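Chemist: Quick one: the structure is below, questions incoming.
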Amino acid sequence: MPSDGQRDIGGMAVAAVMIVIGLVFLWDTTNLVDSDSVVFPRTVIFGMILFSIMFIVWNFLRPSGADTEGVQGGSTPRRIGLVAAMLGCAFLMPYTGFLLSGLAAFMVIMLLAMHEGWTRGRLIVYPLIGLAVVLGFYGLFAKALLVPLPEAPFL
Amino acid sequence: MLPGIDFLFTALTPFHIALALGGVIAGTVIGALPGLTATMAIAVLVPLTFYMPPASALILMGAIYTGAIYGGAYAAILLNTPGTPSAIATTFDGFPMAKRGDGDLAVTLACLASVTGGFIGAAFLLGLAPPLARVALAFGPVEYFWLALFGLTLISALSEGSLMKGLIGGCFGLLLACIGVAEVSSDIRFTFGSQTLLGGIEIVSALIGLYCVPVLIDMVATPARHLQVSGESRGFRLNEALRISLKSKLNLIRSSVVGTLVGILPGAGGSIAGLVAYSEARRTSKRRERFGTGEPEGIQATESANNATVGGGFIPTLVLGIPGTPPDAVILGALLVQGVRTGPHLFTAGEGSIVYTFIYGLFLATALMLPTGLLIGRYAYRTIVTVPKALLVPTIAFMTVIGTFAIRNNVSDVAIMIILGVMGWTLNRFGFRPSPIVLGLILSSIAEQGFVQGWTIGAATENLMGMFFGRPIAIAIIAFMLLSLFYPLIARRLRFNREEAGAK
Amino acid sequence: MTKLGKLTLTAALAAAAATFGLAGPAAAEFPEKPVNYIIPFGAGGESDITARFQEPFFKEKFGQNLVISYKPGGGGAVAWAQLNKMPGDGYTIMGTNLPHIVVQPLQKDVGFTTDDLVNIYIFHYTPDAIVVNEDSQFKTLQDLIDYAKENPGKTTFSGSGKGTANHLAQVRFDDLAGIKTTYVPFKGTGAAATALLGKQVVAEWGYTTVPAKYQGMRLLAVAMEERHPKYPDVPTFKELGFDLVSGAYRGIAVPGSTPEDIRQKLADMIDEINNDQRFIDRMIDGGFAVTNVRYGPDLDAFMEKAKKDFAAAAKAADVIK
C-alpha cells in the first residue's frame with residue numbers, strides 16, 4: 001500500500017538495475033553489422049533509461065510513497081525450494097530423460113506444497129496420483145502429440 | 001438466402017458432428033493447458049488429411065482451433081496464466097474475479113462470450129470474406145507499427161500505482177523480445193555468446209513464466225486456499241451470466257467485430273485482438289475504474305474478440321492464401337499438400353463445397369462449444385478449487401515445464417521460463433507488474449518490423465512524414481490511440497463543464 | 001495352409017521383393033520404426049510443406065511413418081546446433097536450408113559450423129524470382145530495369161528476411177543490371193507477398209512458389225538454368241543476359257554419429273521419393289524445383305560451391321563483415 005511521504009527505495013533500486021541492463025544492451029548494439037537491427041532496440045533502451053532516471057529523480061524530489069509489497073508472509077524456503085526443483089528438472093532433463101526428472105520434481109514440489117501434515121492415506125495416495133499425472137501427461141505429449149521429449153540415454 | 005446453404009446439410013452429417021464435438025472437447029483441453037497450443041495439435045493432425053476428405057479434416061481442425069482459443073480462458077481465470085496468448089487480457093479481470101470467489105461465473109461468462117464471438121467471426125467469414133480480405137492488404141508496415149503502439153498505450157491502464165514503473169516495464173519487455181535473431185535483419189542480438197539465448201524468448205513460455213510461476217511461488221509458501229470458495233455449489237450460474245451478457249451485448253458485438261477485423265490482419269493475431277477489444281471496452285465503459293479488478297466486461301471483451309479471430313483469420317487464409325494466424329498457416333499447408341488452391345474462387349458456387357462445408361462446420365463447432373464449454377469449465381473450476389495444494393502445485397508446475405518444452409521442443413525455453421518467473425515475482429514485489437512487460441514482449445517484433453520496413457520504404461521514396469502520418473488507416477489508429485490515452489481527461493473536463501453549467 | 005496356398009504366397013512375396021527391388025538384407029531391415037523428421041522452423045512454412053509432400057511417399061514406399069516435428073528458433077540455428085548431439089541411429093533426420101547454414105555461422109558463433117552438418121541429400125530448391133502484381137505496369141524485366149534506372153533507389157522490393165536467398169539475389173541483380181533498388185525485409189515469404197499484394201512495394205524478390213500460392217501475381221524472370229515447367233512463358237535471367245541462378249535449397253541432414261551405411265540407405269530412400277513422378281509433379285505444381293544432390297562426391301562438390309558463392313554474396317550484401 002502506498003504510504004505518502006516515503007521514498008520507494010525498492011522501486012529506485014529496480015530502476016537503477018534497469019539502467020545498468022540498458023547500458024549493457026546498448027554496448028551490445030555496437031557489435032551489430034546492420035543498422036536495421038540497431039535502431040529499434042536503441043530507441044527502446046533510451047526510453048527505458050530515460051524513464052528510469054525520471055522515476056529516480058522524481059522519487060527524490062517528491063516522494064510519493066512506495067507500492068513495494070515486500071514478501072507477504074509465507075515460507076521463503078518453500079519458495080526457493082519450488083524454484084530449485086523446477087530448475088533442477090530442466091537441467092537434469094537432457095541427462096535423465098524427461099520422465100525421471102519430471103517425476104522427481106513432482107515429488108519434491110509435492111513435499112514442499114504439503115502444509116497439512118502427512119497421514120498414512122495421503123502418503124500412499126498422493127504419490128500414486130502424482131505418478132498417474134506425470135505418466136498421463138507424458139503419454140499425452142509423447143504419444144498423442146508426438147512431442148520429442150528427451151529420453152534417458154540409459155533406459 | 002445464405003451463401004452456400006446447400007452445404008449446411010453436407011456439414012451436418014453424423015460423422016462431421018462427431019468430428020466437431022471431439023475437436024471442440026480436445027481443443028478446449030489443449031487450450032486450457034498452458035503451453036499446449038492449437039498450432040501444435042493441428043500440426044499433429046495434418047497426416048489425417050491424407051486419409052480424410054479435405055472438408056472433414058478442415059472441420060476437425062477448425063473445431064480444435066475454436067475450442068483451444070476458448071480453453072485458454074480457463075487457465076487465465078483460474079491460474080492467472082493465459083493458456084494461449086489470446087487469453088492474456090482475460091487474466092486482467094478473470095483472475096481477480098476468481099480470487100474473490102466468482103471463478104465459476106467468470107468461466108461461464110467467458111463461454112458465452114466465446115460462443116458469441118465465434119458466431120460473429122464465422123458469419124463474417126460466410127458472408128463477406130472476399131471483400132473483407134482487402135483489409136489484410138490495406139495494412140502496411142506503418143499501420144502495423146501504429147497498431148503495436150496502440151496496444152502499448154494499454155500500459156497506462158494496466159500499471160496500477162506508478163505509470164513510470166509501467167513504462168519502464170514496457171520498455172523492458174520490448175527489449176527482452178529483441179534477444180536472439182532479429183526478425184527482419186537476421187543479425188544476432190543480445191545473446192552475449194550464450195547458446196541458450198540464441199532462440200530468443202518465446203512468447204508463450206514467457207507468458208507462462210511471468211504469469212504462472214509467480215502464482216506458484218506464492219501458492220507453495222502458504223497453507224491458504226488458492227481461490228476463495230463459497231459454501232454451496234451454485235451450478236453454472238448461467239442465469240446470472242446470461243443477464244450480464246445481455247446487459248453488455250453492445251460490448252460483445254463490438255469486441256467480436258474488433259476481433260474479426262484484427263483476425264484478418266496476418267501480422268496481428270488473437271492476443272492483439274483481445275488487447276484492442278479490452279482497451280476499447282475499457283474506454284467506452286461506464287465502469288472504467290473497475291477494469292483490472294474483476295470486471296466482467298473485461299473478460300467478455302477479450303473472449304468474444306479472440307474467438308472472433310478464428311473466423312476472421314480464415315478470411316485472408318482462404319481468399320488470399322495468406323494465413324491470418326499460426327494455426328491457419330498449418331491448415332493452409334495441409335490444404336496445399338492436398339492440392340486445394342485457395343482463392344476467391346473457393347467462394348463461388350461451383351467450387352464452394354469445401355469452404356462452405358467447412359464454414360458451416362465452424363458454426364456447428366461453435367454451437368457445440370456452449371454445452372461442452374460449460375461442462376468442462378465447471379469441472380475445471382471444481383478441480384482447481386477442491387484439489388489439495390500438495391497435488392495442485394506440483395501438477396501445475398509439471399504442466400508448465402512440459403508445456404514450455406513442447407512449444408519449440410527445447411530445454412532452454414524451460415530454463416528461460418523459470419528464470420523469467422522468478423524475475424517477474426521479484427519485480428512484482430517492487431510494484432513492477434508483469435502485464436506491461438508482457439505487452440512489450442508481444443508487441444515488440446510487430447513494432448520493430450513495422451518501423452524498420454516503414455522507414456526503409458519511406459526513406460527510399462523520400463516521403464517519411466507521409467509514410468508514417470499520411471496514410472488514412474494510420475491516421476485513424478493514431479486518433480484512436482490519442483482518444484484512449486486522453487479520453488479520461490476529456491471526459492472529466494466535459495463532466496466538469498456540464499456541472500458548471502448546471503450550477504449556473 | 002494348403003500346399004497350393006503356400007506356393008502362391010511364396011510367389012507373391014518373391015514378386016513383391018522383386019518389385020520393390022530391395023538391395024540386400026541390411027537395407028531390408030531399416031527402417032523398423034517411425035523416423036523423426038525435425039524441421040528447424042515453425043509449422044506451416046515452406047520447409048514444413050515440402051516435408052509434408054515427402055511424408056506420404058515415405059510411408060507408402062518404406063512402410064514406416066515419417067514423423068514431422070518442429071524445433072524453431074534462431075532462424076533454424078537452435079535446431080542445427082543440437083543436431084550432432086542427437087542419436088545417430090538413422091531415426092532422427094533434420095531439414096537443412098541454404099543459404100542459412102552457410103551464412104549464420106559466418107555471422108556469429110551459433111553453435112555449429114557449416115561443415116558440422118552431415119547433409120545426406122539436397123532434394124529441392126525454390127528458385128529466386130521477381131514477382132509483380134498482375135496489374136503491374138511492368139510487363140517485362142526490361143520495363144522494371146528501365147524504371148529503376150529512372151528512379152534510382154525508389155524501386156522498392158519486398159523479400160523474405162536479410163541474408164536470405166531473396167536478399168542475396170537482389171544485391172547480385174542490382175550489380176548485374178547496374179541499377180540501385182531498395183530491399184525491404186519482411187518476416188517470411190508470406191509477409192513479403194502480402195506487402196506486394198497490398199502495393200506497399202513495387203515488386204517482390206520472391207520465389208517461383210509465390211504465384212502458385214497467392215492469387216493475382218506474375219513472374220518477370222526466374223533464376224534458373226532452364227524455364228520452370230509450371231511457368232513456360234516466364235524467361236530465365238540467363239536468357240535475358242544476367243548470369244543469375246540462385247534460390248533457397250533444402251536438404252536433409254543426419255547427426256554426425258550416424259553410420260555410413262545408414263547414411264547411404266537414407267540417401268537412397270530420399271532419392272527414391274525424389275524420382276517418383278507423382279512427387280515431382282506435386283513439387284512442380286507447388287512452384288518448387290526438384291534437385292537430386294545425393295550423399296557422396298556430388299554433395300561435397302555442391303556444398304563447396306555453395307559455401308563459396310553464398311559467403312561472397314553475403315559479404316557483398318553487408319550481412320557479414
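Labels used: A, B, ... for chains in the order of the C-alpha cells, numbers from 1 for residues in each chain, and numbers from 1 for ligands as shown.
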Run DSSP on the backbone and tell me which residues of range 52-236 of chain C come out as strand (DSSP E); list them as a VMD selection string.

Modeler: chain C and resid 66 to 70 92 to 98 118 to 133 156 to 160 182 to 186 203 to 207 217 to 222

Chemist: Take the residues that were just selected and, keeping C-alpha atoms, output them as a compact mmCIF listing (two decimals), in the first residue's frame.

Modeler:
# COMPACT_ATOMS: atom_id res chain seq x y z
CA LEU C 66 7.83 -40.04 -41.19
CA VAL C 67 7.02 -38.13 -38.01
CA ILE C 68 7.44 -34.41 -38.55
CA SER C 69 8.19 -32.24 -35.53
CA TYR C 70 9.32 -28.63 -35.21
CA THR C 92 16.48 -38.81 -36.46
CA ILE C 93 16.83 -36.65 -39.54
CA MET C 94 16.62 -32.89 -39.86
CA GLY C 95 15.81 -30.45 -42.60
CA THR C 96 18.59 -28.05 -43.59
CA ASN C 97 18.31 -24.83 -45.52
CA LEU C 98 20.74 -22.97 -47.71
CA VAL C 118 26.17 -34.04 -42.34
CA ASN C 119 23.83 -33.45 -45.25
CA ILE C 120 22.73 -36.62 -47.00
CA TYR C 121 20.60 -35.13 -49.73
CA ILE C 122 19.66 -31.75 -51.20
CA PHE C 123 16.22 -32.60 -52.51
CA HIS C 124 14.86 -29.39 -53.96
CA TYR C 125 15.24 -25.70 -54.27
CA THR C 126 12.90 -22.79 -54.58
CA PRO C 127 14.37 -20.61 -57.33
CA ASP C 128 14.54 -16.86 -56.80
CA ALA C 129 12.24 -14.83 -58.99
CA ILE C 130 11.00 -11.29 -59.43
CA VAL C 131 7.28 -11.15 -58.71
CA VAL C 132 4.89 -8.31 -59.54
CA ASN C 133 1.14 -7.86 -59.25
CA THR C 156 11.20 -0.99 -53.57
CA PHE C 157 11.31 -4.77 -53.39
CA SER C 158 9.84 -6.79 -50.57
CA GLY C 159 11.60 -10.01 -49.71
CA SER C 160 11.92 -12.60 -47.01
CA THR C 182 15.75 -0.78 -52.16
CA TYR C 183 15.23 -4.10 -50.44
CA VAL C 184 12.61 -4.18 -47.67
CA PRO C 185 12.97 -7.26 -45.49
CA PHE C 186 9.79 -8.96 -44.25
CA ALA C 203 7.83 -5.63 -56.71
CA GLU C 204 8.99 -8.61 -54.71
CA TRP C 205 12.15 -10.65 -54.70
CA GLY C 206 10.37 -13.89 -54.08
CA TYR C 207 10.40 -17.45 -55.23
CA MET C 217 0.71 -12.26 -59.34
CA ARG C 218 3.08 -12.61 -62.27
CA LEU C 219 6.73 -13.53 -62.57
CA LEU C 220 9.09 -11.36 -64.60
CA ALA C 221 12.06 -13.72 -64.58
CA VAL C 222 13.24 -16.80 -62.73

Chemist: Contacts of Tyr95 in chain A at 10 Å or less, counting only C-alpha atoms, minus same-chain residues fewer than 6 places along, as JSON, numbers by chain?

Modeler: {"A": [101, 150, 151, 152, 153, 154]}

Chemist: I need the chosen residues saved as a PDB file, in the first residue's frame, with N, CA and C atoms.

Modeler:
ATOM      1  N   SER A 101      13.143 -36.957 -14.492  1.00  0.00           N
ATOM      2  CA  SER A 101      13.321 -35.633 -13.893  1.00  0.00           C
ATOM      3  C   SER A 101      11.965 -35.033 -13.552  1.00  0.00           C
ATOM      4  N   PRO A 150      12.818 -35.430 -24.218  1.00  0.00           N
ATOM      5  CA  PRO A 150      14.125 -36.065 -24.050  1.00  0.00           C
ATOM      6  C   PRO A 150      13.977 -37.429 -23.383  1.00  0.00           C
ATOM      7  N   GLU A 151      14.706 -38.398 -23.892  1.00  0.00           N
ATOM      8  CA  GLU A 151      14.630 -39.725 -23.297  1.00  0.00           C
ATOM      9  C   GLU A 151      15.927 -40.009 -22.556  1.00  0.00           C
ATOM     10  N   ALA A 152      15.811 -40.857 -21.533  1.00  0.00           N
ATOM     11  CA  ALA A 152      17.006 -41.197 -20.765  1.00  0.00           C
ATOM     12  C   ALA A 152      17.931 -42.034 -21.634  1.00  0.00           C
ATOM     13  N   PRO A 153      19.207 -41.638 -21.710  1.00  0.00           N
ATOM     14  CA  PRO A 153      20.112 -42.398 -22.573  1.00  0.00           C
ATOM     15  C   PRO A 153      20.351 -43.815 -22.053  1.00  0.00           C
ATOM     16  N   PHE A 154      20.132 -44.037 -20.734  1.00  0.00           N
ATOM     17  CA  PHE A 154      20.464 -45.348 -20.168  1.00  0.00           C
ATOM     18  C   PHE A 154      19.257 -46.276 -20.095  1.00  0.00           C
TER      19      PHE A 154
END

Chemist: Can you work out the spacing between CA of Gln215 in chain C and CA of Glu134 in chain C in Å, to one decimal?

Modeler: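 Atom-to-atom, CA of Gln215 in chain C to CA of Glu134 in chain C, that is 8.9 Å.
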
Chemist: Distance table requested - chain A against chain B, cut-off 6 Å, only C-alpha atoms: one row per qualifying residue with the closest atom pair and its distance in Å to one decimal, ordered by chain and rising residue number, as JSON lines.

Modeler:
{"residue": "A:Gly10", "atom": "CA", "partner": "B:Phe430", "partner_atom": "CA", "distance": 5.7}
{"residue": "A:Gly11", "atom": "CA", "partner": "B:Phe430", "partner_atom": "CA", "distance": 5.4}
{"residue": "A:Ser37", "atom": "CA", "partner": "B:Ser185", "partner_atom": "CA", "distance": 5.8}
{"residue": "A:Phe40", "atom": "CA", "partner": "B:Glu448", "partner_atom": "CA", "distance": 5.9}
{"residue": "A:Val44", "atom": "CA", "partner": "B:Cys171", "partner_atom": "CA", "distance": 5.8}
{"residue": "A:Met48", "atom": "CA", "partner": "B:Ile168", "partner_atom": "CA", "distance": 5.3}
{"residue": "A:Phe51", "atom": "CA", "partner": "B:Ile168", "partner_atom": "CA", "distance": 6.0}
{"residue": "A:Asp67", "atom": "CA", "partner": "B:Gly431", "partner_atom": "CA", "distance": 5.5}
{"residue": "A:Thr68", "atom": "CA", "partner": "B:Phe430", "partner_atom": "CA", "distance": 4.3}
{"residue": "A:Glu69", "atom": "CA", "partner": "B:Arg429", "partner_atom": "CA", "distance": 5.2}
{"residue": "A:Gly70", "atom": "CA", "partner": "B:Arg429", "partner_atom": "CA", "distance": 5.3}
{"residue": "A:Gly74", "atom": "CA", "partner": "B:Ala221", "partner_atom": "CA", "distance": 4.6}
{"residue": "A:Ser75", "atom": "CA", "partner": "B:Ala221", "partner_atom": "CA", "distance": 4.7}
{"residue": "A:Arg78", "atom": "CA", "partner": "B:Ala221", "partner_atom": "CA", "distance": 5.6}
{"residue": "A:Arg79", "atom": "CA", "partner": "B:Ile217", "partner_atom": "CA", "distance": 5.3}
{"residue": "A:Phe106", "atom": "CA", "partner": "B:Pro394", "partner_atom": "CA", "distance": 5.1}
{"residue": "A:Ile109", "atom": "CA", "partner": "B:Pro394", "partner_atom": "CA", "distance": 5.2}
{"residue": "A:Met110", "atom": "CA", "partner": "B:Ala390", "partner_atom": "CA", "distance": 4.9}
{"residue": "A:Ala113", "atom": "CA", "partner": "B:Ala390", "partner_atom": "CA", "distance": 4.6}
{"residue": "A:Met114", "atom": "CA", "partner": "B:Ala390", "partner_atom": "CA", "distance": 4.7}
{"residue": "A:His115", "atom": "CA", "partner": "B:Pro223", "partner_atom": "CA", "distance": 5.5}

Chemist: Go ahead and write the selection's residues with C-alpha atoms as an mmCIF file, in the first residue's frame.

Modeler:
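Written output follows (out03.cif):
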data_model
loop_
_atom_site.group_PDB
_atom_site.id
_atom_site.type_symbol
_atom_site.label_atom_id
_atom_site.label_comp_id
_atom_site.auth_asym_id
_atom_site.auth_seq_id
_atom_site.Cartn_x
_atom_site.Cartn_y
_atom_site.Cartn_z
ATOM 1 C CA GLY A 10 12.929 -0.816 -3.808
ATOM 2 C CA GLY A 11 11.479 0.779 -6.901
ATOM 3 C CA SER A 37 18.788 -4.211 -36.272
ATOM 4 C CA PHE A 40 14.626 -0.070 -32.637
ATOM 5 C CA VAL A 44 13.742 1.355 -26.543
ATOM 6 C CA MET A 48 13.945 2.720 -20.604
ATOM 7 C CA PHE A 51 12.023 6.619 -17.654
ATOM 8 C CA ASP A 67 3.892 0.412 -3.527
ATOM 9 C CA THR A 68 6.519 -2.097 -2.597
ATOM 10 C CA GLU A 69 4.787 -5.051 -1.083
ATOM 11 C CA GLY A 70 7.768 -6.924 0.202
ATOM 12 C CA GLY A 74 4.582 -17.432 3.777
ATOM 13 C CA SER A 75 7.618 -19.595 3.836
ATOM 14 C CA ARG A 78 9.453 -23.373 0.313
ATOM 15 C CA ARG A 79 9.510 -20.700 -2.377
ATOM 16 C CA PHE A 106 6.754 -33.536 -8.945
ATOM 17 C CA ILE A 109 7.256 -29.990 -5.061
ATOM 18 C CA MET A 110 4.531 -32.131 -3.518
ATOM 19 C CA ALA A 113 3.419 -27.761 -1.010
ATOM 20 C CA MET A 114 2.222 -30.001 1.817
ATOM 21 C CA HIS A 115 1.100 -27.849 4.696
#

Chemist: When you get a sec, could you note down which chain C residues fall within 6 Å of chain B, using only C-alpha atoms, as number ranges by chain?

Modeler: C: 43-44, 49, 71-74, 78, 153-154, 161-162, 184-187, 198, 214

Chemist: Go ahead and write the selection's residues with N, CA and C atoms as a tab-separated table (two decimals), in the first residue's frame.

Modeler:
chain	number	residue	atom	x	y	z
C	43	ALA	N	5.58	-24.67	-37.85
C	43	ALA	CA	4.67	-25.39	-38.72
C	43	ALA	C	4.05	-24.43	-39.74
C	44	GLY	N	3.82	-24.93	-40.95
C	44	GLY	CA	3.11	-24.14	-41.94
C	44	GLY	C	4.00	-23.39	-42.91
C	49	ILE	N	6.01	-27.54	-45.51
C	49	ILE	CA	5.16	-28.01	-46.60
C	49	ILE	C	5.89	-29.03	-47.46
C	71	LYS	N	11.32	-27.59	-34.39
C	71	LYS	CA	12.21	-27.05	-33.37
C	71	LYS	C	12.63	-25.66	-33.83
C	72	PRO	N	11.71	-24.73	-33.86
C	72	PRO	CA	12.05	-23.40	-34.38
C	72	PRO	C	12.90	-22.61	-33.39
C	73	GLY	N	13.55	-21.58	-33.88
C	73	GLY	CA	14.33	-20.69	-33.02
C	73	GLY	C	15.63	-20.30	-33.69
C	74	GLY	N	15.97	-19.02	-33.54
C	74	GLY	CA	17.24	-18.54	-34.09
C	74	GLY	C	17.34	-18.72	-35.59
C	78	VAL	N	19.02	-22.88	-33.73
C	78	VAL	CA	18.87	-23.62	-32.47
C	78	VAL	C	18.85	-25.12	-32.76
C	153	GLY	N	16.96	3.94	-56.43
C	153	GLY	CA	16.66	3.83	-55.01
C	153	GLY	C	15.18	3.80	-54.69
C	154	LYS	N	14.36	4.33	-55.60
C	154	LYS	CA	12.93	4.42	-55.28
C	154	LYS	C	12.17	3.14	-55.62
C	161	GLY	N	13.28	-11.63	-45.24
C	161	GLY	CA	14.44	-11.51	-44.38
C	161	GLY	C	15.68	-10.95	-45.04
C	162	LYS	N	16.76	-10.89	-44.26
C	162	LYS	CA	18.05	-10.46	-44.80
C	162	LYS	C	19.04	-11.61	-44.71
C	184	VAL	N	13.31	-4.30	-48.94
C	184	VAL	CA	12.61	-4.18	-47.67
C	184	VAL	C	12.39	-5.58	-47.11
C	185	PRO	N	13.09	-5.90	-46.01
C	185	PRO	CA	12.97	-7.26	-45.49
C	185	PRO	C	11.67	-7.48	-44.73
C	186	PHE	N	10.99	-8.58	-45.00
C	186	PHE	CA	9.79	-8.96	-44.25
C	186	PHE	C	10.04	-10.30	-43.57
C	187	LYS	N	9.16	-10.61	-42.62
C	187	LYS	CA	9.32	-11.85	-41.88
C	187	LYS	C	8.69	-12.98	-42.67
C	198	GLY	N	-0.59	-5.84	-51.32
C	198	GLY	CA	-1.13	-4.60	-50.78
C	198	GLY	C	-0.48	-3.38	-51.38
C	214	TYR	N	-0.31	-17.63	-54.08
C	214	TYR	CA	-1.16	-16.45	-53.94
C	214	TYR	C	-1.75	-16.07	-55.29

Chemist: Just checking: using only C-alpha atoms, which residue out of A:Leu87, A:Ala15, A:Leu123, A:Leu82 ends up closest to Trp58 in chain A?

Modeler: A:Ala15

Chemist: Quick one: pick out all helix (DSSP H, G or I) residues within range 137-289 of chain C from a backbone DSSP run and write them as a PyMOL selection string.

Modeler: chain C and resi 141-150+165-177+188-197+210-213+260-274+277-285

Chemist: Keeping only C-alpha atoms, write the selected residues to a file as a short mmCIF file (atom, residue, chain, number, x, y, z; two decimals), in the first residue's frame.

Modeler:
data_model
loop_
_atom_site.label_atom_id
_atom_site.label_comp_id
_atom_site.auth_asym_id
_atom_site.auth_seq_id
_atom_site.Cartn_x
_atom_site.Cartn_y
_atom_site.Cartn_z
CA LEU C 141 12.08 -7.42 -66.76
CA GLN C 142 13.38 -4.65 -69.02
CA ASP C 143 10.43 -2.42 -68.02
CA LEU C 144 11.45 -2.82 -64.41
CA ILE C 145 15.12 -2.15 -65.14
CA ASP C 146 14.22 0.99 -67.08
CA TYR C 147 12.03 2.20 -64.24
CA ALA C 148 14.77 1.53 -61.72
CA LYS C 149 17.27 3.44 -63.83
CA GLU C 150 14.95 6.47 -63.93
CA ALA C 165 18.34 -16.14 -50.91
CA ASN C 166 15.99 -13.27 -51.79
CA HIS C 167 18.25 -10.63 -50.34
CA LEU C 168 21.43 -12.03 -51.86
CA ALA C 169 19.72 -12.26 -55.25
CA GLN C 170 18.64 -8.62 -55.02
CA VAL C 171 22.17 -7.45 -54.29
CA ARG C 172 23.53 -9.65 -57.04
CA PHE C 173 20.99 -8.50 -59.61
CA ASP C 174 21.45 -4.80 -58.81
CA ASP C 175 25.10 -5.34 -59.57
CA LEU C 176 24.48 -7.28 -62.79
CA ALA C 177 21.89 -4.85 -64.14
CA GLY C 188 8.96 -14.74 -44.27
CA THR C 189 7.74 -15.15 -47.83
CA GLY C 190 4.10 -14.84 -46.80
CA ALA C 191 4.55 -11.38 -45.31
CA ALA C 192 6.63 -10.28 -48.30
CA ALA C 193 3.92 -11.45 -50.70
CA THR C 194 1.25 -9.71 -48.64
CA ALA C 195 3.18 -6.47 -48.89
CA LEU C 196 3.33 -6.83 -52.65
CA LEU C 197 -0.39 -7.63 -52.95
CA VAL C 210 4.82 -17.37 -54.72
CA PRO C 211 2.37 -17.20 -57.66
CA ALA C 212 1.49 -20.85 -57.04
CA LYS C 213 0.33 -19.91 -53.59
CA GLU C 260 27.93 -44.74 -43.15
CA ASP C 261 25.58 -47.49 -44.35
CA ILE C 262 22.57 -45.80 -42.77
CA ARG C 263 23.55 -42.51 -44.42
CA GLN C 264 23.67 -44.26 -47.75
CA LYS C 265 20.40 -46.03 -47.12
CA LEU C 266 18.63 -42.80 -46.14
CA ALA C 267 20.04 -41.07 -49.20
CA ASP C 268 18.70 -43.94 -51.33
CA MET C 269 15.29 -43.56 -49.75
CA ILE C 270 15.08 -39.81 -50.33
CA ASP C 271 16.37 -40.41 -53.84
CA GLU C 272 13.57 -42.87 -54.47
CA ILE C 273 10.94 -40.37 -53.35
CA ASN C 274 12.61 -37.66 -55.39
CA GLN C 277 6.88 -38.83 -60.87
CA ARG C 278 3.88 -38.10 -58.62
CA PHE C 279 6.16 -36.40 -56.10
CA ILE C 280 7.87 -34.42 -58.85
CA ASP C 281 4.51 -33.32 -60.24
CA ARG C 282 3.31 -32.13 -56.86
CA MET C 283 6.53 -30.23 -56.25
CA ILE C 284 6.44 -28.57 -59.64
CA ASP C 285 2.81 -27.68 -59.21
#

Chemist: Taking only C-alpha atoms into account and nothing else, which residues of chain A lie no more than 9 Å away from chain C? Please answer as a PyMOL selection string.

Modeler: chain A and resi 33-34+146-148

Chemist: Mind giving me the straight-line distance from CA of Gly256 in chain C to CA of Asp300 in chain C in Å, one decimal?

Modeler: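 Interatomic distance here is 15.2 Å.
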
Chemist: Hey, what's within 6 Å of range 61-78 of chain B if we count only C-alpha atoms and toss same-chain stuff fewer than 4 positions away? As an mmCIF file with C-alpha atoms, in the first residue's frame, please?

Modeler:
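Result file follows (part.cif):
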data_model
loop_
_atom_site.group_PDB
_atom_site.id
_atom_site.type_symbol
_atom_site.label_atom_id
_atom_site.label_comp_id
_atom_site.auth_asym_id
_atom_site.auth_seq_id
_atom_site.Cartn_x
_atom_site.Cartn_y
_atom_site.Cartn_z
ATOM 1 C CA ALA B 20 -16.735 -31.272 -34.397
ATOM 2 C CA GLY B 23 -12.467 -31.458 -31.869
ATOM 3 C CA VAL B 24 -14.067 -28.923 -29.564
ATOM 4 C CA GLY B 27 -9.298 -28.219 -28.310
ATOM 5 C CA THR B 28 -10.730 -26.914 -25.042
ATOM 6 C CA ILE B 30 -5.457 -28.331 -25.146
ATOM 7 C CA GLY B 31 -6.119 -24.619 -24.817
ATOM 8 C CA ALA B 32 -6.557 -24.912 -21.082
ATOM 9 C CA ALA B 38 -3.828 -25.126 -31.221
ATOM 10 C CA ILE B 42 -3.400 -29.158 -35.657
ATOM 11 C CA PRO B 82 -3.149 -17.375 -20.228
ATOM 12 C CA GLY B 83 -3.334 -20.886 -21.697
ATOM 13 C CA THR B 84 -2.842 -19.292 -25.099
ATOM 14 C CA ALA B 87 -6.236 -15.002 -23.397
ATOM 15 C CA THR B 90 -8.610 -12.400 -19.811
ATOM 16 C CA THR B 91 -6.244 -12.623 -16.862
ATOM 17 C CA GLY B 94 -10.639 -13.108 -14.794
ATOM 18 C CA PHE B 95 -8.166 -13.903 -12.053
ATOM 19 C CA ALA B 365 -18.343 -26.424 -33.575
#

Chemist: Between B:Ala157, B:Val204, B:Ala268, B:Leu147, single out the one closest to Thr309 in chain B, counting only C-alpha atoms.

Modeler: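 Looking at the shortest contact to Thr309 in chain B, the residue is B:Ala268.
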